[in-house]
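Data block for data34.json (JSON, C-alpha atoms and all ligand atoms):
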[["chain", "number", "residue", "atom", "x", "y", "z"],
["A", 215, "MET", "CA", 0.00, 0.00, 0.00],
["A", 216, "PRO", "CA", 1.40, 3.46, -0.85],
["A", 217, "ALA", "CA", 2.32, 5.77, 2.01],
["A", 218, "VAL", "CA", -0.20, 8.11, 3.58],
["A", 219, "ILE", "CA", 0.86, 11.57, 2.48],
["A", 220, "MET", "CA", 1.06, 13.83, 5.54],
["A", 221, "ASP", "CA", -0.69, 17.07, 4.63],
["A", 222, "GLY", "CA", 1.31, 19.83, 6.31],
["A", 223, "LYS", "CA", -0.43, 22.43, 4.21],
["A", 224, "ALA", "CA", -3.86, 21.53, 5.59],
["A", 225, "LEU", "CA", -2.66, 21.19, 9.18],
["A", 226, "GLY", "CA", -0.71, 24.45, 8.91],
["A", 227, "LEU", "CA", -3.83, 26.25, 7.67],
["A", 228, "LYS", "CA", -5.93, 24.77, 10.50],
["A", 229, "ILE", "CA", -3.41, 25.97, 13.09],
["A", 230, "ARG", "CA", -3.22, 29.39, 11.46],
["A", 231, "GLU", "CA", -7.01, 29.73, 11.52],
["A", 232, "ASN", "CA", -7.01, 28.94, 15.26],
["A", 233, "LEU", "CA", -4.30, 31.55, 15.77],
["A", 234, "ARG", "CA", -6.36, 34.10, 13.82],
["A", 235, "LEU", "CA", -9.30, 33.50, 16.16],
["A", 236, "LYS", "CA", -7.09, 33.86, 19.26],
["A", 237, "CYS", "CA", -5.47, 36.94, 17.82],
["A", 238, "ALA", "CA", -8.85, 38.61, 17.25],
["A", 239, "GLN", "CA", -9.50, 38.40, 20.99],
["A", 240, "LEU", "CA", -6.27, 40.11, 22.05],
["A", 241, "ASP", "CA", -6.02, 43.79, 22.81],
["A", 242, "VAL", "CA", -2.64, 43.89, 21.11],
["A", 243, "VAL", "CA", -1.65, 43.17, 17.51],
["A", 244, "PRO", "CA", 1.16, 40.58, 17.55],
["A", 245, "SER", "CA", 3.90, 42.03, 15.51],
["A", 246, "LEU", "CA", 7.08, 40.66, 13.92],
["A", 247, "ALA", "CA", 10.07, 42.41, 12.38],
["A", 248, "VAL", "CA", 11.26, 40.42, 9.39],
["A", 249, "ILE", "CA", 14.81, 41.26, 8.39],
["A", 250, "LEU", "CA", 16.15, 40.13, 5.03],
["A", 251, "ALA", "CA", 19.66, 41.12, 3.98],
["A", 252, "GLY", "CA", 20.42, 40.58, 0.32],
["A", 253, "GLU", "CA", 18.33, 39.16, -2.49],
["A", 254, "ASP", "CA", 18.66, 35.40, -2.29],
["A", 255, "PRO", "CA", 15.56, 34.27, -4.23],
["A", 256, "ALA", "CA", 14.78, 31.34, -1.91],
["A", 257, "SER", "CA", 15.05, 33.55, 1.19],
["A", 258, "LEU", "CA", 12.87, 36.17, -0.47],
["A", 259, "SER", "CA", 10.17, 33.63, -1.20],
["A", 260, "TYR", "CA", 10.26, 32.28, 2.41],
["A", 261, "VAL", "CA", 10.02, 35.77, 3.84],
["A", 262, "THR", "CA", 7.14, 36.67, 1.54],
["A", 263, "ALA", "CA", 5.25, 33.53, 2.56],
["A", 264, "LYS", "CA", 5.80, 34.29, 6.27],
["A", 265, "GLU", "CA", 4.60, 37.89, 5.88],
["A", 266, "LYS", "CA", 1.48, 36.79, 3.99],
["A", 267, "ALA", "CA", 0.65, 34.25, 6.71],
["A", 268, "LEU", "CA", 1.12, 36.88, 9.45],
["A", 269, "ASP", "CA", -1.20, 39.24, 7.64],
["A", 270, "GLU", "CA", -3.88, 36.57, 7.17],
["A", 271, "ALA", "CA", -3.78, 35.76, 10.89],
["A", 272, "GLY", "CA", -4.33, 39.41, 11.80],
["A", 273, "MET", "CA", -0.70, 39.92, 12.87],
["A", 274, "LYS", "CA", 1.60, 42.64, 11.68],
["A", 275, "SER", "CA", 4.92, 42.31, 9.90],
["A", 276, "HIS", "CA", 7.54, 45.03, 9.73],
["A", 277, "ASP", "CA", 9.38, 44.38, 6.57],
["A", 278, "ILE", "CA", 13.05, 45.37, 6.82],
["A", 279, "ARG", "CA", 15.05, 44.85, 3.61],
["A", 280, "LEU", "CA", 18.76, 45.54, 3.67],
["A", 281, "PRO", "CA", 21.21, 45.42, 0.76],
["A", 282, "GLU", "CA", 23.54, 42.45, 0.24],
["A", 283, "ASN", "CA", 26.53, 44.65, 1.18],
["A", 284, "VAL", "CA", 24.95, 45.90, 4.42],
["A", 285, "ASN", "CA", 27.42, 46.79, 7.14],
["A", 286, "GLU", "CA", 27.27, 44.45, 10.13],
["A", 287, "ASP", "CA", 27.06, 47.39, 12.54],
["A", 288, "VAL", "CA", 24.02, 48.71, 10.68],
["A", 289, "LEU", "CA", 22.35, 45.32, 11.03],
["A", 290, "LEU", "CA", 23.22, 45.17, 14.74],
["A", 291, "SER", "CA", 21.88, 48.64, 15.40],
["A", 292, "THR", "CA", 18.68, 47.80, 13.47],
["A", 293, "ILE", "CA", 18.19, 44.82, 15.79],
["A", 294, "ASN", "CA", 18.95, 46.95, 18.83],
["A", 295, "ASP", "CA", 16.29, 49.47, 17.79],
["A", 296, "ILE", "CA", 13.69, 46.72, 17.45],
["A", 297, "ASN", "CA", 14.71, 45.19, 20.79],
["A", 298, "ASN", "CA", 13.74, 48.54, 22.33],
["A", 299, "ASN", "CA", 10.52, 48.96, 20.37],
["A", 300, "GLU", "CA", 7.63, 47.83, 22.57],
["A", 301, "LYS", "CA", 5.25, 47.62, 19.63],
["A", 302, "ILE", "CA", 7.29, 44.86, 17.97],
["A", 303, "HIS", "CA", 7.13, 41.54, 19.78],
["A", 304, "GLY", "CA", 9.30, 39.29, 17.65],
["A", 305, "ILE", "CA", 12.40, 39.52, 15.46],
["A", 306, "LEU", "CA", 13.21, 37.18, 12.60],
["A", 307, "VAL", "CA", 16.51, 37.50, 10.77],
["A", 308, "GLN", "CA", 16.24, 35.34, 7.68],
["A", 309, "LEU", "CA", 19.24, 33.06, 7.26],
["A", 310, "PRO", "CA", 21.62, 32.63, 5.60],
["A", 311, "LEU", "CA", 23.09, 36.11, 5.95],
["A", 312, "PRO", "CA", 25.55, 37.51, 3.40],
["A", 313, "LYS", "CA", 29.01, 35.93, 3.75],
["A", 314, "HIS", "CA", 30.74, 38.98, 5.27],
["A", 315, "ILE", "CA", 28.31, 39.08, 8.22],
["A", 316, "ASN", "CA", 29.01, 37.17, 11.43],
["A", 317, "GLU", "CA", 25.77, 35.24, 11.84],
["A", 318, "GLU", "CA", 26.47, 34.27, 15.44],
["A", 319, "ARG", "CA", 27.01, 37.89, 16.48],
["A", 320, "VAL", "CA", 23.80, 38.99, 14.76],
["A", 321, "ILE", "CA", 21.66, 36.25, 16.30],
["A", 322, "SER", "CA", 23.14, 36.97, 19.72],
["A", 323, "ALA", "CA", 22.05, 40.60, 19.41],
["A", 324, "ILE", "CA", 18.35, 39.62, 19.38],
["A", 325, "ASP", "CA", 16.54, 40.00, 22.72],
["A", 326, "PRO", "CA", 15.74, 36.37, 23.68],
["A", 327, "LYS", "CA", 12.20, 37.50, 24.61],
["A", 328, "LYS", "CA", 11.71, 38.40, 20.94],
["A", 329, "ASP", "CA", 13.62, 35.43, 19.50],
["A", 330, "VAL", "CA", 10.70, 33.66, 17.83],
["A", 331, "ASP", "CA", 13.09, 31.53, 15.73],
["A", 332, "CYS", "CA", 14.69, 30.17, 18.93],
["A", 333, "PHE", "CA", 18.17, 30.67, 17.45],
["A", 334, "HIS", "CA", 19.70, 32.80, 20.25],
["A", 335, "PRO", "CA", 22.13, 30.90, 22.52],
["A", 336, "VAL", "CA", 19.87, 31.63, 25.52],
["A", 337, "SER", "CA", 16.79, 30.28, 23.69],
["A", 338, "ALA", "CA", 18.70, 27.23, 22.46],
["A", 339, "GLY", "CA", 20.07, 26.67, 25.97],
["A", 340, "LYS", "CA", 16.60, 26.85, 27.53],
["A", 341, "MET", "CA", 15.27, 24.44, 24.95],
["A", 342, "PHE", "CA", 18.21, 22.12, 25.59],
["A", 343, "LEU", "CA", 17.42, 22.12, 29.30],
["A", 344, "GLY", "CA", 13.66, 21.98, 28.74],
["A", 345, "SER", "CA", 13.21, 25.07, 30.85],
["A", 346, "GLY", "CA", 10.60, 26.97, 28.83],
["A", 347, "GLY", "CA", 10.87, 29.58, 26.12],
["A", 348, "PHE", "CA", 10.08, 29.31, 22.45],
["A", 349, "LEU", "CA", 10.41, 26.11, 20.49],
["A", 350, "PRO", "CA", 12.25, 26.24, 17.14],
["A", 351, "CYS", "CA", 9.75, 26.40, 14.29],
["A", 352, "THR", "CA", 10.75, 23.58, 11.95],
["A", 353, "PRO", "CA", 11.41, 20.96, 14.67],
["A", 354, "HIS", "CA", 8.18, 21.97, 16.40],
["A", 355, "GLY", "CA", 6.33, 21.66, 13.10],
["A", 356, "VAL", "CA", 7.67, 18.12, 12.63],
["A", 357, "LEU", "CA", 6.49, 17.16, 16.14],
["A", 358, "CYS", "CA", 3.00, 18.57, 15.43],
["A", 359, "LEU", "CA", 2.76, 16.56, 12.21],
["A", 360, "LEU", "CA", 3.76, 13.34, 14.01],
["A", 361, "ARG", "CA", 1.11, 14.00, 16.66],
["A", 362, "GLU", "CA", -1.60, 14.87, 14.13],
["A", 363, "TYR", "CA", -1.09, 11.54, 12.36],
["A", 364, "ASN", "CA", -0.90, 9.61, 15.66],
["A", 365, "ILE", "CA", 2.57, 8.31, 14.87],
["A", 366, "PRO", "CA", 3.89, 6.44, 17.93],
["A", 367, "VAL", "CA", 7.06, 8.25, 18.91],
["A", 368, "SER", "CA", 7.66, 6.93, 22.42],
["A", 369, "GLY", "CA", 10.07, 4.00, 22.32],
["A", 370, "SER", "CA", 10.65, 4.39, 18.59],
["A", 371, "HIS", "CA", 14.02, 4.69, 16.92],
["A", 372, "VAL", "CA", 14.22, 8.05, 15.14],
["A", 373, "VAL", "CA", 17.08, 8.51, 12.70],
["A", 374, "ILE", "CA", 17.81, 12.12, 11.74],
["A", 375, "VAL", "CA", 19.99, 12.79, 8.70],
["A", 376, "GLY", "CA", 21.55, 16.23, 9.12],
["A", 377, "ARG", "CA", 23.04, 18.09, 12.08],
["A", 378, "SER", "CA", 22.14, 21.73, 11.40],
["A", 379, "ASN", "CA", 21.54, 24.18, 14.23],
["A", 380, "ILE", "CA", 18.07, 24.89, 12.75],
["A", 381, "VAL", "CA", 16.76, 21.33, 12.37],
["A", 382, "GLY", "CA", 18.93, 18.30, 13.17],
["A", 383, "LYS", "CA", 20.40, 19.36, 16.51],
["A", 384, "PRO", "CA", 17.24, 20.83, 18.09],
["A", 385, "LEU", "CA", 15.04, 18.00, 16.81],
["A", 386, "ALA", "CA", 17.33, 15.37, 18.32],
["A", 387, "ASN", "CA", 17.24, 17.29, 21.56],
["A", 388, "LEU", "CA", 13.44, 17.61, 21.65],
["A", 389, "LEU", "CA", 12.78, 13.98, 20.76],
["A", 390, "ILE", "CA", 14.84, 12.67, 23.68],
["A", 391, "ARG", "CA", 12.64, 14.58, 26.15],
["A", 392, "ARG", "CA", 10.59, 12.27, 28.35],
["A", 393, "GLU", "CA", 7.39, 13.51, 26.74],
["A", 394, "PHE", "CA", 8.53, 12.15, 23.35],
["A", 395, "ASN", "CA", 10.72, 9.38, 24.69],
["A", 396, "ALA", "CA", 12.37, 8.38, 21.41],
["A", 397, "THR", "CA", 15.80, 6.87, 20.84],
["A", 398, "ILE", "CA", 17.78, 9.04, 18.45],
["A", 399, "THR", "CA", 20.54, 8.48, 15.94],
["A", 400, "VAL", "CA", 21.94, 11.48, 14.10],
["A", 401, "CYS", "CA", 23.70, 10.81, 10.78],
["A", 402, "HIS", "CA", 25.80, 13.42, 8.99],
["A", 403, "THR", "CA", 28.49, 13.80, 6.35],
["A", 404, "GLY", "CA", 30.97, 12.02, 8.61],
["A", 405, "THR", "CA", 28.76, 8.93, 8.98],
["A", 406, "HIS", "CA", 30.07, 5.75, 7.32],
["A", 407, "ASP", "CA", 27.32, 3.55, 5.88],
["A", 408, "ILE", "CA", 24.34, 5.89, 6.32],
["A", 409, "THR", "CA", 22.05, 3.16, 4.96],
["A", 410, "GLY", "CA", 23.05, 0.88, 7.83],
["A", 411, "PHE", "CA", 21.43, 3.46, 10.15],
["A", 412, "THR", "CA", 18.52, 4.70, 8.03],
["A", 413, "LYS", "CA", 17.30, 1.12, 7.54],
["A", 414, "GLN", "CA", 16.88, 0.82, 11.30],
["A", 415, "ALA", "CA", 14.63, 3.88, 11.55],
["A", 416, "ASP", "CA", 11.00, 3.59, 12.63],
["A", 417, "ILE", "CA", 10.88, 7.31, 11.87],
["A", 418, "LEU", "CA", 13.38, 8.75, 9.41],
["A", 419, "ILE", "CA", 13.84, 12.52, 9.30],
["A", 420, "ALA", "CA", 15.80, 13.84, 6.33],
["A", 421, "ALA", "CA", 17.24, 17.29, 6.90],
["A", 422, "ALA", "CA", 20.50, 17.24, 4.98],
["A", 423, "GLY", "CA", 19.74, 19.70, 2.18],
["A", 424, "MET", "CA", 20.64, 17.13, -0.51],
["A", 425, "PRO", "CA", 18.08, 16.49, -3.25],
["A", 426, "ALA", "CA", 16.65, 12.93, -3.22],
["A", 427, "LEU", "CA", 19.41, 11.68, -0.90],
["A", 428, "ILE", "CA", 17.12, 9.08, 0.72],
["A", 429, "LYS", "CA", 16.24, 6.26, -1.69],
["A", 430, "LYS", "CA", 13.71, 3.49, -1.33],
["A", 431, "ASP", "CA", 16.39, 0.88, -0.55],
["A", 432, "MET", "CA", 17.63, 2.99, 2.38],
["A", 433, "ILE", "CA", 14.47, 2.66, 4.47],
["A", 434, "LYS", "CA", 12.76, -0.07, 6.43],
["A", 435, "GLU", "CA", 9.38, -1.36, 5.17],
["A", 436, "ASN", "CA", 6.56, 0.83, 6.62],
["A", 437, "ALA", "CA", 8.89, 3.46, 8.06],
["A", 438, "VAL", "CA", 7.52, 6.96, 8.68],
["A", 439, "VAL", "CA", 9.54, 9.37, 6.55],
["A", 440, "ILE", "CA", 9.66, 13.10, 7.23],
["A", 441, "ASP", "CA", 11.28, 15.19, 4.51],
["A", 442, "VAL", "CA", 12.56, 18.54, 5.76],
["A", 443, "GLY", "CA", 14.59, 19.29, 2.63],
["A", 444, "VAL", "CA", 13.60, 22.09, 0.29],
["A", 445, "ASN", "CA", 16.03, 22.07, -2.62],
["A", 446, "ARG", "CA", 15.73, 24.04, -5.84],
["A", 447, "VAL", "CA", 16.80, 21.86, -8.77],
["A", 448, "SER", "CA", 16.96, 23.30, -12.27],
["A", 449, "ASP", "CA", 14.22, 22.08, -14.57],
["A", 450, "ASN", "CA", 13.83, 23.67, -18.01],
["A", 451, "SER", "CA", 10.32, 22.27, -18.36],
["A", 452, "ALA", "CA", 9.17, 24.21, -15.25],
["A", 453, "LYS", "CA", 7.86, 27.76, -15.66],
["A", 454, "LYS", "CA", 10.36, 29.20, -13.19],
["A", 455, "GLY", "CA", 13.25, 27.13, -14.57],
["A", 456, "TYR", "CA", 13.48, 25.11, -11.36],
["A", 457, "ARG", "CA", 11.39, 22.81, -9.22],
["A", 458, "LEU", "CA", 11.37, 22.10, -5.51],
["A", 459, "CYS", "CA", 12.73, 18.74, -4.50],
["A", 460, "GLY", "CA", 13.02, 17.26, -1.02],
["A", 461, "ASP", "CA", 15.82, 15.20, 0.49],
["A", 462, "VAL", "CA", 13.71, 12.08, -0.10],
["A", 463, "ASP", "CA", 13.25, 10.34, -3.44],
["A", 464, "PRO", "CA", 9.47, 10.24, -4.17],
["A", 465, "ASP", "CA", 9.83, 6.47, -4.88],
["A", 466, "VAL", "CA", 10.01, 6.04, -1.10],
["A", 467, "ALA", "CA", 6.20, 6.44, -1.08],
["A", 468, "GLY", "CA", 5.97, 2.83, -2.29],
["A", 469, "LYS", "CA", 7.64, 1.48, 0.85],
["A", 470, "ALA", "CA", 7.00, 3.99, 3.66],
["A", 471, "SER", "CA", 3.80, 3.98, 5.74],
["A", 472, "PHE", "CA", 3.70, 7.80, 6.01],
["A", 473, "LEU", "CA", 5.57, 10.42, 4.02],
["A", 474, "THR", "CA", 5.62, 14.23, 3.96],
["A", 475, "PRO", "CA", 5.49, 15.81, 0.51],
["A", 476, "VAL", "CA", 7.72, 18.66, -0.73],
["A", 477, "PRO", "CA", 6.24, 21.18, -1.09],
["A", 478, "GLY", "CA", 3.25, 20.98, 1.26],
["A", 479, "GLY", "CA", 4.73, 18.97, 4.13],
["A", 480, "VAL", "CA", 7.07, 20.43, 6.74],
["A", 481, "GLY", "CA", 7.42, 23.89, 5.10],
["A", 482, "PRO", "CA", 3.89, 25.13, 5.90],
["A", 483, "MET", "CA", 4.24, 23.76, 9.44],
["A", 484, "THR", "CA", 7.33, 25.91, 10.00],
["A", 485, "ILE", "CA", 5.26, 28.98, 9.13],
["A", 486, "ALA", "CA", 2.38, 27.99, 11.42],
["A", 487, "MET", "CA", 4.79, 27.46, 14.33],
["A", 488, "LEU", "CA", 6.41, 30.82, 13.67],
["A", 489, "LEU", "CA", 3.01, 32.52, 13.96],
["A", 490, "GLN", "CA", 2.36, 30.63, 17.18],
["A", 491, "ASN", "CA", 5.64, 31.97, 18.61],
["A", 492, "VAL", "CA", 4.81, 35.52, 17.54],
["A", 493, "LEU", "CA", 1.47, 35.28, 19.37],
["A", 494, "GLU", "CA", 3.30, 33.91, 22.42],
["A", 495, "ALA", "CA", 5.84, 36.75, 22.25],
["A", 496, "ALA", "CA", 3.02, 39.30, 22.14],
["A", 497, "MET", "CA", 1.36, 37.76, 25.20],
["A", 498, "LEU", "CA", 4.74, 37.61, 26.97],
["A", 499, "SER", "CA", 5.24, 41.33, 26.36],
["A", 500, "LYS", "CA", 2.15, 42.12, 28.45],
["A", 501, "GLU", "CA", 3.38, 40.24, 31.52],
["A", 601, "LIG", "N1", 16.47, 29.95, 6.90],
["A", 601, "LIG", "C1", 16.02, 28.70, 6.67],
["A", 601, "LIG", "N2", 15.07, 28.37, 7.58],
["A", 601, "LIG", "C2", 14.93, 29.44, 8.39],
["A", 601, "LIG", "C3", 14.10, 29.71, 9.52],
["A", 601, "LIG", "O1", 13.30, 28.89, 9.98],
["A", 601, "LIG", "N3", 14.24, 30.94, 10.07],
["A", 601, "LIG", "C4", 15.12, 31.86, 9.59],
["A", 601, "LIG", "N4", 15.21, 33.02, 10.23],
["A", 601, "LIG", "N5", 15.91, 31.64, 8.57],
["A", 601, "LIG", "C5", 15.81, 30.44, 7.96]]
For the structure just supplied, provide its representation as structure tokens.
Ligand code: GUN
Amino acid sequence: MPAVIMDGKALGLKIRENLRLKCAQLDVVPSLAVILAGEDPASLSYVTAKEKALDEAGMKSHDIRLPENVNEDVLLSTINDINNNEKIHGILVQLPLPKHINEERVISAIDPKKDVDCFHPVSAGKMFLGSGGFLPCTPHGVLCLLREYNIPVSGSHVVIVGRSNIVGKPLANLLIRREFNATITVCHTGTHDITGFTKQADILIAAAGMPALIKKDMIKENAVVIDVGVNRVSDNSAKKGYRLCGDVDPDVAGKASFLTPVPGGVGPMTIAMLLQNVLEAAMLSKE
């Protein structure tokens, strides 16, 4: 039987509609500064999608576009201004930043109370310790999808391919919490015989940023496969000259029990979780 396709688009929309209803009852408009430095087309399309979703939920986005050659001090002082602006509850700096900018320094300049991406060392540390604060959007989105489809996580072996600060590392950390209770293996570019590990996965999470890395013969029969990859591959037959391709070969659908599509799987969940954090940041600001 072909895999059940996990509809992140539908679940994301349902969550966003609930957030819109909650938002309408607040006496404050949750508000997010969205900073984009440079003109990377993929980043631009992510930022546009996030701003549209904020608007539809009745939240406000402050669109800050900086040139590719922006001076790091200008970026830092922009963040500092927003930290001190009570009307703006969250700050999102779209990554990656231009090469000459020190990403770590920029992220560290964000007030952790406004760090809706959960990238700041204080936010990451709190998440690591399980001591409150925001949850990172993509990992949180993956957890919501697993819950929505009643995938048994407790006691399962989850294999994560990819060790990024945005997905692989935080997801591994969240899944070992008692509430999720999974056993985790993290594979990366230094792993010998990746297939030896991926074949053991009850739940396989691909977050390596490599188009179609995970093939059908690399998974166990009936595994749950979550594809976090969003890769642009050139395709002359496509209108835009490229198409989106995940880290998982679509053939996997013939062997997996559940599979997330790309697009329409994890991506829309990331946006829904971002909006949830912005709402939380706005409520936090009133305390
Ligand atoms: N770049 C890729 N994913 C993300 C994300 O979730 N947040 C930000 N700020 N940048 C990204």
Query - Exercise answer, 7 Å around ligand LIG 601 (chain A) with all atoms listed in the file, as number ranges by chain - result: A: 257, 306-310, 331, 351-352, 380, 484
Report task. Can you work out which one of A:Val320, A:Ala415, A:Met432, A:Ala271 has the shortest atom-to-atom distance to Val492 (chain A), counting all atoms listed in the file? Result -> A:Ala271
Report task. Using all atoms listed in the file, give me every residue within 10 Å of (19.8, 15.7, 21.0) in file coordinates, as a list in words. Result ->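 Residues found, by chain and rising number: Phe342, Arg377, Gly382, Lys383, Pro384, Leu385, Ala386, Asn387, Leu388, Leu389, Ile390, Arg391, Thr397, Ile398, Thr399 and Val400 of chain A.
Between Lys434 (chain A) and the candidates A:Leu268, A:Val447, A:Cys358, A:Ala467, the tightest atom-to-atom separation, counting only C-alpha atoms, involves A:Ala467.
Using only C-alpha atoms, the protein and nucleic acid residues lying at most 12 Å from the point (13.6, 30.8, 0.6) are A:Leu250, A:Gly252, A:Glu253, A:Asp254, A:Pro255, A:Ala256, A:Ser257, A:Leu258, A:Ser259, A:Tyr260, A:Val261, A:Thr262, A:Ala263, A:Lys264, A:Gln308, A:Leu309, A:Pro310, A:Gly443, A:Val444, A:Asn445, A:Arg446, A:Leu458, A:Gly481.
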Query raised in the report: Hey, can you check how far CA of Val442 (chain A) sits from CA of Ala224 (chain A)?
Result: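 CA of Ala224 (chain A) lies at a distance of 16.7 Å from CA of Val442 (chain A).
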